[in-house]
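Peer 1: So that we are looking at the same thing, I have put the structure below in structure tokens.
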Amino acid sequence: MRILNYGSLNIDYVYTVDHIVPGGETISSSRLQVFTGGKGLNQSVALARAGAAVSHAGCIGTDGQFLKELLADCGADTSRITTGRERTGNAIIQVDRNGQNAIVLFSGTNREMTEEKIERDLADFSEGDWLLLQNEINLNARIMELAYAKGMRIVLNPSPMDEDILALPLEKVSCFILNELEGARLAGETEPEQILQKLLQRFPEAELVLTLGQDGSVYAYRDTVIRQGIFPCKTVDTTGAGDTFTGYYLASRMRGEDPETAMRLAAMAASIAVSRPGAAPSIPVLSEVEAAVRETCKKSDGLDAAD
Ligand code: RIB
């Protein structure tokens, strides 16, 4: 079983600022760092570092070859990353003193997918393989149609959320991984419980994973609901935390692990990622995540014994 992640590849320009600049104001940053990023790339890095066999499909410019090299170094199959005409997609990211961010995207080559490329890239995939999509490339609807016709399992991370997501053939999705804001937009509700209820009604065959920031995450499928708390840490940079969660959750599920195990690993991986700067560079490897989970379990067993 393989997973094809059809998604964006960005160069992230990360500015360290005291506070996120409001409209009409000019502020100075104390640092500029250039990182590998893009929701697609970050999720492929997380999948690969979590041990999954991942193929990444997408498009970069001549200025973005290092993004492809990073993915290859992580063990991802990069044969479906082509070089387009534009410059590589990029993100202008402000990170404030609390590690919170604000992001402006420039799509660049992330919007150069073509019908021909999609058909070629999906040619070797078949029933039982997985497809993962976010919302930073063009032609997502077409990719979903083709993958569905092949019997692939479609996972959608509807991020960043906009009108394009609402126009996708969402009934073909087997698993949604989304945050509270994305869930609210999709469900037309604001409270997490109502969001889940609405989405379960609308997509009765789909698994839902709703991330809730400091309140952890919830898995819901038919009558099963599993809640996972966060592993507290000192926040340095939240960029890419959701992508880390997504990659780790899916890699664990692809190994056949249950949703509870997958949520725990994903929460720990995301916690480690927010304690470090950058998006892709902050994503930990599986051995580190497993060791941190073991350590936390040992501590809580110790506490239980002392009770
Ligand atoms: O999810 C984080 C990512 O969003 C960044 O790496 C940036 O490139 C944007 O796509």
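Going by the structure tokens order, chains are called A, B, ..., each with residues numbered from 1, while ligands are numbered from 1 in the order shown.
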Name each residue within 9 Å of ligand 1, counting only C-alpha atoms and all ligand atoms, as a VMD selection string.
Peer 2: chain A and resid 8 to 13 35 to 43 89 to 93 103 to 105 136 159 to 160 238 to 244 278 to 280
Peer 1: I need the helix (DSSP H, G or I) residues of stretch 44-164 of chain A per DSSP on the backbone, written as a ChimeraX atom specification.
Peer 2: /A:44-49,62-74,108-111,115-122,140-149,163-164
Peer 1: Name the residues in contact with stretch 77-86 of chain A at a cut-off of 12 Å, using only C-alpha atoms, excluding same-chain residues fewer than 6 positions from it; report them as a ChimeraX atom specification.
Peer 2: /A:2-9,40-41,44-45,47-48,52-71,106-114,117-124
Peer 1: Residues near stretch 140-154 of chain A, anyone? I mean within 6 Å using only C-alpha atoms, not counting same-chain ones fewer than 6 positions away, as a PyMOL selection string.
Peer 2: chain A and resi 126-131+168+173-174
Peer 1: Mind the document's chain letters and residue numbers, and return as an NGL selection string the residues of stretch 46-267 of chain A that DSSP labels strand (DSSP E).
Peer 2: :A and (54-60 or 77-83 or 89-95 or 101-106 or 130-133 or 153-156 or 175-179 or 207-211 or 217-221 or 224-228)
Peer 1: So that I can see what lies close to stretch 207-224 of chain A, please list as an mmCIF file with N, CA, C and O atoms, in the first residue's frame the residues with an atom at most 6 Å from it, counting only C-alpha atoms and leaving out residues fewer than 3 positions away in the same chain.
Peer 2:
```cif
data_model
loop_
_atom_site.group_PDB
_atom_site.id
_atom_site.type_symbol
_atom_site.label_atom_id
_atom_site.label_comp_id
_atom_site.auth_asym_id
_atom_site.auth_seq_id
_atom_site.Cartn_x
_atom_site.Cartn_y
_atom_site.Cartn_z
ATOM 1 N N CYS A 175 -11.497 10.263 4.367
ATOM 2 C CA CYS A 175 -10.996 10.773 5.650
ATOM 3 C C CYS A 175 -10.709 12.271 5.538
ATOM 4 O O CYS A 175 -10.019 12.691 4.604
ATOM 5 N N PHE A 176 -11.291 13.035 6.451
ATOM 6 C CA PHE A 176 -11.009 14.478 6.526
ATOM 7 C C PHE A 176 -10.103 14.726 7.737
ATOM 8 O O PHE A 176 -10.417 14.263 8.837
ATOM 9 N N ILE A 177 -9.020 15.463 7.524
ATOM 10 C CA ILE A 177 -8.206 15.899 8.663
ATOM 11 C C ILE A 177 -8.235 17.419 8.628
ATOM 12 O O ILE A 177 -7.741 18.034 7.671
ATOM 13 N N LEU A 178 -8.840 18.034 9.619
ATOM 14 C CA LEU A 178 -9.092 19.469 9.520
ATOM 15 C C LEU A 178 -9.057 20.140 10.893
ATOM 16 O O LEU A 178 -9.227 19.474 11.905
ATOM 17 N N ASN A 179 -8.812 21.445 10.890
ATOM 18 C CA ASN A 179 -8.809 22.152 12.166
ATOM 19 C C ASN A 179 -10.195 22.755 12.414
ATOM 20 O O ASN A 179 -11.106 22.644 11.588
ATOM 21 N N GLU A 180 -10.310 23.414 13.559
ATOM 22 C CA GLU A 180 -11.623 23.894 13.989
ATOM 23 C C GLU A 180 -12.220 24.905 13.002
ATOM 24 O O GLU A 180 -13.419 24.872 12.697
ATOM 25 N N ARG A 227 -10.804 10.943 21.930
ATOM 26 C CA ARG A 227 -10.220 12.275 22.182
ATOM 27 C C ARG A 227 -8.759 12.139 22.579
ATOM 28 O O ARG A 227 -8.397 11.221 23.320
ATOM 29 N N GLN A 228 -7.955 13.079 22.085
ATOM 30 C CA GLN A 228 -6.523 13.083 22.407
ATOM 31 C C GLN A 228 -6.122 14.480 22.863
ATOM 32 O O GLN A 228 -6.393 15.467 22.159
ATOM 33 N N GLY A 229 -5.481 14.561 24.006
ATOM 34 C CA GLY A 229 -4.999 15.872 24.485
ATOM 35 C C GLY A 229 -3.682 16.241 23.827
ATOM 36 O O GLY A 229 -3.073 15.437 23.119
ATOM 37 N N ILE A 230 -3.223 17.467 24.077
ATOM 38 C CA ILE A 230 -1.903 17.862 23.551
ATOM 39 C C ILE A 230 -0.828 17.435 24.548
ATOM 40 O O ILE A 230 -1.109 17.173 25.719
#
```
Peer 1: Would you mind listing what lies within 9 Å of A:Gly183 as a list of chain:residue names, with only C-alpha atoms counted and same-chain residues fewer than 2 positions away left out?
Peer 2: A:Pro158, A:Leu178, A:Asn179, A:Glu180, A:Leu181, A:Arg185, A:Leu186, A:Ala187, A:Gly188, A:Glu189, A:Thr190, A:Pro192, A:Ile195, A:Leu196, A:Leu199, A:Leu210
Peer 1: Take the residues from that selection and put them in a file with C-alpha atoms, as a compact mmCIF listing (two decimals), in the first residue's frame.
Peer 2:
```
# COMPACT_ATOMS: atom_id res chain seq x y z
CA PRO A 158 -8.92 21.24 3.41
CA LEU A 178 -9.09 19.47 9.52
CA ASN A 179 -8.81 22.15 12.17
CA GLU A 180 -11.62 23.89 13.99
CA LEU A 181 -11.87 26.84 11.57
CA ARG A 185 -16.68 26.52 7.47
CA LEU A 186 -17.46 23.08 6.12
CA ALA A 187 -20.16 22.31 8.69
CA GLY A 188 -21.65 25.81 9.07
CA GLU A 189 -21.32 25.39 12.87
CA THR A 190 -18.96 26.90 15.42
CA PRO A 192 -16.59 21.41 17.96
CA ILE A 195 -19.11 20.53 13.80
CA LEU A 196 -18.53 16.81 14.28
CA LEU A 199 -19.93 16.45 9.32
CA LEU A 210 -10.66 17.42 14.02
```
Peer 1: Can you tell me, as a list of chain:residue names, what residues are no more than 12 Å from A:Gly51 when counting only C-alpha atoms, ignoring any on the same chain fewer than 2 positions away?
Peer 2: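 The filter keeps A:Arg2, A:Ile3, A:Ser44, A:Val45, A:Ala46, A:Leu47, A:Ala48, A:Arg49, A:Ala53, A:Val54, A:Cys74, A:Gly75, A:Ala76, A:Gly247, A:Tyr248, A:Tyr249, A:Leu250, A:Ala251, A:Ser252, A:Arg253, A:Met254, A:Arg255, A:Pro284, A:Val285, A:Leu286, A:Ser287, A:Val289, A:Glu290.
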Peer 1: Report the distance between atom CA of A:Ala72 and atom CA of A:Pro281 in Å, rounded to one decimal place.
Peer 2: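 Interatomic distance here is 14.1 Å.
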Peer 1: Hey, can you check how far atom CA of A:Ala184 sits from atom CA of A:Ser275?
Peer 2: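 These two atoms are separated by 27.3 Å.
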Peer 1: In Å, how far is it from atom CA of A:Leu265 to atom CA of A:Phe245?
Peer 2: 8.2 Å
Peer 1: Determine the nearest neighbour of A:Arg264 from the options A:Ile226, A:Ser282, A:Thr235, A:His19, counting only C-alpha atoms.
Peer 2: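 Looking only at the distances to A:Arg264, the closest residue turns out to be A:Ile226.
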